[in-house]
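Asks: Quick one: this structure, given as structure tokens, is what I'll be asking you about.
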Amino acid sequence: MNPQAMLRLFEAHREAEAARDVDAILETFVPDCFLETLPLGLRSEGRDAVRAAYESQFFTSFPDLAPDDEGMALGDDVIAVWGTLRGTSRGNWLGIPPGGGTFAVPFANVVPFEEGLMAGERIYFDLATLCEQARIPLEEIRAAAATLAATHPR
């Protein structure tokens, strides 16, 4: 896939995220897509699971979640983007009540492409700092993520 097409698709993906349009987000992915949140040890596979992750793990927990992309590198069928992830803990996250705090943490996403679409996203961020700033108990989040990973193995 040429770099300009990858960039256009990724920009459409970011616009859909900003609009909280999960259907439009899913249109940027291949049918057997994935969403991997490395700090939590969670990987959602397939559009239904990715939809659920966006809705329950991100948009409900942090309704104002917004990545501020500060840099990007394009390779053969991959984009890496980094910046600052900002949001406020307003809803349950993995079953843990919100802390109400705002956060700004460094993040990086690695996005492979296949068949003219995004294959998925691998998301990296500092979980401990996010939890501290958002006033969410880190160990409870880790335990909840471990339980979810054990009940939904890859």
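Ligands are numbered from 1 in the order shown, chains are lettered A, B, ... in the order of the structure tokens, and residues start at 1 in each chain.
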Would you give me, as a Markdown table, each residue of segment 22-70 of chain A having an atom within 6 Å of an atom of segment 74-84 of chain A, along with its shortest atom pair and that distance in Å to one decimal, using only C-alpha atoms and sorting by chain and residue number?
Replies:
```
| residue | atom | partner | partner_atom | distance |
| --- | --- | --- | --- | --- |
| A:Pro67 | CA | A:Thr84 | CA | 5.9 |
| A:Asp68 | CA | A:Thr84 | CA | 5.1 |
| A:Asp69 | CA | A:Gly83 | CA | 4.6 |
| A:Glu70 | CA | A:Gly83 | CA | 4.5 |
```
Asks: Determine which residues of segment 23-98 of chain A DSSP labels as strand (DSSP E or B) from the backbone of this structure, then write them out as a ChimeraX atom specification.
Replies: /A:29-37,42-45,66-75,78-88,93,96
Asks: When distances are computed from only C-alpha atoms, which of A:Gly95, A:Leu40, A:Ala16, A:Ala73 shows the smallest separation from Thr60 of chain A?
Replies: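 Of A:Gly95, A:Leu40, A:Ala16, A:Ala73, the one nearest Thr60 of chain A is A:Gly95, counting only C-alpha atoms.
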Asks: Work out how far atom CA of Arg43 of chain A is from atom CA of Arg8 of chain A, in Å to one decimal.
Replies: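 Between atom CA of Arg8 of chain A and atom CA of Arg43 of chain A the gap is 25.2 Å.
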Asks: Which residues, written as an NGL selection string, have at least one atom at most 7 Å from segment 22-33 of chain A, with only C-alpha atoms counted and residues fewer than 3 positions away on the same chain left out?
Replies: :A and (9 or 13 or 16-17 or 45-47 or 51 or 117-120)
Asks: Taking 2 positions as the minimum chain separation for residues in the same chain, which residues sit within 9 Å of segment 147-152 of chain A when counting only C-alpha atoms? Answer as a PyMOL selection string.
Replies: chain A and resi 40-44+94+142-145+154
Asks: How would the residues just picked look written out with all heavy atoms as a PDB file, in the first residue's frame?
Replies:
```pdb
ATOM      1  N   LEU A  40      -2.163  -3.331  29.112  1.00  0.00           N
ATOM      2  CA  LEU A  40      -3.169  -4.128  29.810  1.00  0.00           C
ATOM      3  C   LEU A  40      -3.053  -5.613  29.498  1.00  0.00           C
ATOM      4  O   LEU A  40      -3.721  -6.431  30.118  1.00  0.00           O
ATOM      5  CB  LEU A  40      -4.573  -3.647  29.433  1.00  0.00           C
ATOM      6  CG  LEU A  40      -4.921  -2.213  29.816  1.00  0.00           C
ATOM      7  CD1 LEU A  40      -6.261  -1.820  29.209  1.00  0.00           C
ATOM      8  CD2 LEU A  40      -4.920  -2.040  31.317  1.00  0.00           C
ATOM      9  N   GLY A  41      -2.240  -5.958  28.513  1.00  0.00           N
ATOM     10  CA  GLY A  41      -2.137  -7.353  28.100  1.00  0.00           C
ATOM     11  C   GLY A  41      -3.405  -7.845  27.425  1.00  0.00           C
ATOM     12  O   GLY A  41      -3.710  -9.030  27.468  1.00  0.00           O
ATOM     13  N   LEU A  42      -4.134  -6.930  26.777  1.00  0.00           N
ATOM     14  CA  LEU A  42      -5.407  -7.283  26.143  1.00  0.00           C
ATOM     15  C   LEU A  42      -5.308  -7.185  24.630  1.00  0.00           C
ATOM     16  O   LEU A  42      -4.708  -6.244  24.097  1.00  0.00           O
ATOM     17  CB  LEU A  42      -6.523  -6.359  26.633  1.00  0.00           C
ATOM     18  CG  LEU A  42      -6.868  -6.446  28.118  1.00  0.00           C
ATOM     19  CD1 LEU A  42      -7.926  -5.410  28.473  1.00  0.00           C
ATOM     20  CD2 LEU A  42      -7.336  -7.851  28.479  1.00  0.00           C
ATOM     21  N   ARG A  43      -5.900  -8.158  23.960  1.00  0.00           N
ATOM     22  CA  ARG A  43      -5.975  -8.149  22.503  1.00  0.00           C
ATOM     23  C   ARG A  43      -7.390  -8.559  22.106  1.00  0.00           C
ATOM     24  O   ARG A  43      -7.859  -9.635  22.472  1.00  0.00           O
ATOM     25  CB  ARG A  43      -4.960  -9.112  21.890  1.00  0.00           C
ATOM     26  CG  ARG A  43      -4.986  -9.107  20.366  1.00  0.00           C
ATOM     27  CD  ARG A  43      -3.905 -10.026  19.811  1.00  0.00           C
ATOM     28  NE  ARG A  43      -4.042 -10.240  18.398  1.00  0.00           N
ATOM     29  CZ  ARG A  43      -3.276  -9.677  17.457  1.00  0.00           C
ATOM     30  NH1 ARG A  43      -2.313  -8.850  17.818  1.00  0.00           N
ATOM     31  NH2 ARG A  43      -3.457  -9.943  16.187  1.00  0.00           N
ATOM     32  N   SER A  44      -8.051  -7.682  21.383  1.00  0.00           N
ATOM     33  CA  SER A  44      -9.383  -7.954  20.847  1.00  0.00           C
ATOM     34  C   SER A  44      -9.211  -8.325  19.386  1.00  0.00           C
ATOM     35  O   SER A  44      -8.492  -7.631  18.654  1.00  0.00           O
ATOM     36  CB  SER A  44     -10.263  -6.711  20.973  1.00  0.00           C
ATOM     37  OG  SER A  44     -10.346  -6.303  22.309  1.00  0.00           O
ATOM     38  N   LEU A  94     -12.847  -1.308  32.776  1.00  0.00           N
ATOM     39  CA  LEU A  94     -12.672  -2.721  33.095  1.00  0.00           C
ATOM     40  C   LEU A  94     -13.388  -3.070  34.400  1.00  0.00           C
ATOM     41  O   LEU A  94     -12.945  -3.922  35.155  1.00  0.00           O
ATOM     42  CB  LEU A  94     -11.182  -3.083  33.179  1.00  0.00           C
ATOM     43  CG  LEU A  94     -10.339  -2.778  31.939  1.00  0.00           C
ATOM     44  CD1 LEU A  94      -8.874  -3.078  32.206  1.00  0.00           C
ATOM     45  CD2 LEU A  94     -10.837  -3.562  30.744  1.00  0.00           C
ATOM     46  N   ARG A 142      -4.904  -3.588  36.738  1.00  0.00           N
ATOM     47  CA  ARG A 142      -4.095  -4.736  36.300  1.00  0.00           C
ATOM     48  C   ARG A 142      -4.815  -6.054  36.562  1.00  0.00           C
ATOM     49  O   ARG A 142      -4.810  -6.952  35.716  1.00  0.00           O
ATOM     50  CB  ARG A 142      -2.734  -4.729  36.983  1.00  0.00           C
ATOM     51  CG  ARG A 142      -1.802  -3.688  36.415  1.00  0.00           C
ATOM     52  CD  ARG A 142      -0.425  -3.800  37.013  1.00  0.00           C
ATOM     53  NE  ARG A 142       0.497  -2.924  36.306  1.00  0.00           N
ATOM     54  CZ  ARG A 142       1.533  -2.335  36.871  1.00  0.00           C
ATOM     55  NH1 ARG A 142       1.816  -2.539  38.140  1.00  0.00           N
ATOM     56  NH2 ARG A 142       2.313  -1.564  36.161  1.00  0.00           N
ATOM     57  N   ALA A 143      -5.432  -6.181  37.740  1.00  0.00           N
ATOM     58  CA  ALA A 143      -6.143  -7.413  38.080  1.00  0.00           C
ATOM     59  C   ALA A 143      -7.356  -7.602  37.177  1.00  0.00           C
ATOM     60  O   ALA A 143      -7.618  -8.715  36.696  1.00  0.00           O
ATOM     61  CB  ALA A 143      -6.566  -7.392  39.549  1.00  0.00           C
ATOM     62  N   ALA A 144      -8.086  -6.532  36.919  1.00  0.00           N
ATOM     63  CA  ALA A 144      -9.259  -6.622  36.044  1.00  0.00           C
ATOM     64  C   ALA A 144      -8.850  -6.993  34.625  1.00  0.00           C
ATOM     65  O   ALA A 144      -9.510  -7.813  33.965  1.00  0.00           O
ATOM     66  CB  ALA A 144     -10.027  -5.302  36.053  1.00  0.00           C
ATOM     67  N   ALA A 145      -7.759  -6.409  34.136  1.00  0.00           N
ATOM     68  CA  ALA A 145      -7.263  -6.738  32.793  1.00  0.00           C
ATOM     69  C   ALA A 145      -6.812  -8.198  32.737  1.00  0.00           C
ATOM     70  O   ALA A 145      -7.083  -8.896  31.751  1.00  0.00           O
ATOM     71  CB  ALA A 145      -6.125  -5.805  32.402  1.00  0.00           C
ATOM     72  N   ARG A 154      -6.317 -15.124  23.669  1.00  0.00           N
ATOM     73  CA  ARG A 154      -6.036 -14.748  22.275  1.00  0.00           C
ATOM     74  C   ARG A 154      -6.284 -15.882  21.331  1.00  0.00           C
ATOM     75  O   ARG A 154      -6.133 -16.992  21.553  1.00  0.00           O
ATOM     76  CB  ARG A 154      -4.600 -14.287  22.131  1.00  0.00           C
ATOM     77  CG  ARG A 154      -4.348 -13.061  22.919  1.00  0.00           C
ATOM     78  CD  ARG A 154      -2.899 -12.656  22.749  1.00  0.00           C
ATOM     79  NE  ARG A 154      -2.667 -11.545  23.662  1.00  0.00           N
ATOM     80  CZ  ARG A 154      -1.544 -10.897  23.727  1.00  0.00           C
ATOM     81  NH1 ARG A 154      -0.556 -11.205  22.968  1.00  0.00           N
ATOM     82  NH2 ARG A 154      -1.393  -9.919  24.557  1.00  0.00           N
TER      83      ARG A 154
END
```
Asks: Using only C-alpha atoms, which of A:Ile96, A:Val110, A:Ala104, A:Met72 sits nearest Ile136 of chain A?
Replies: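 Among the listed residues, A:Ile96 lies closest to Ile136 of chain A.
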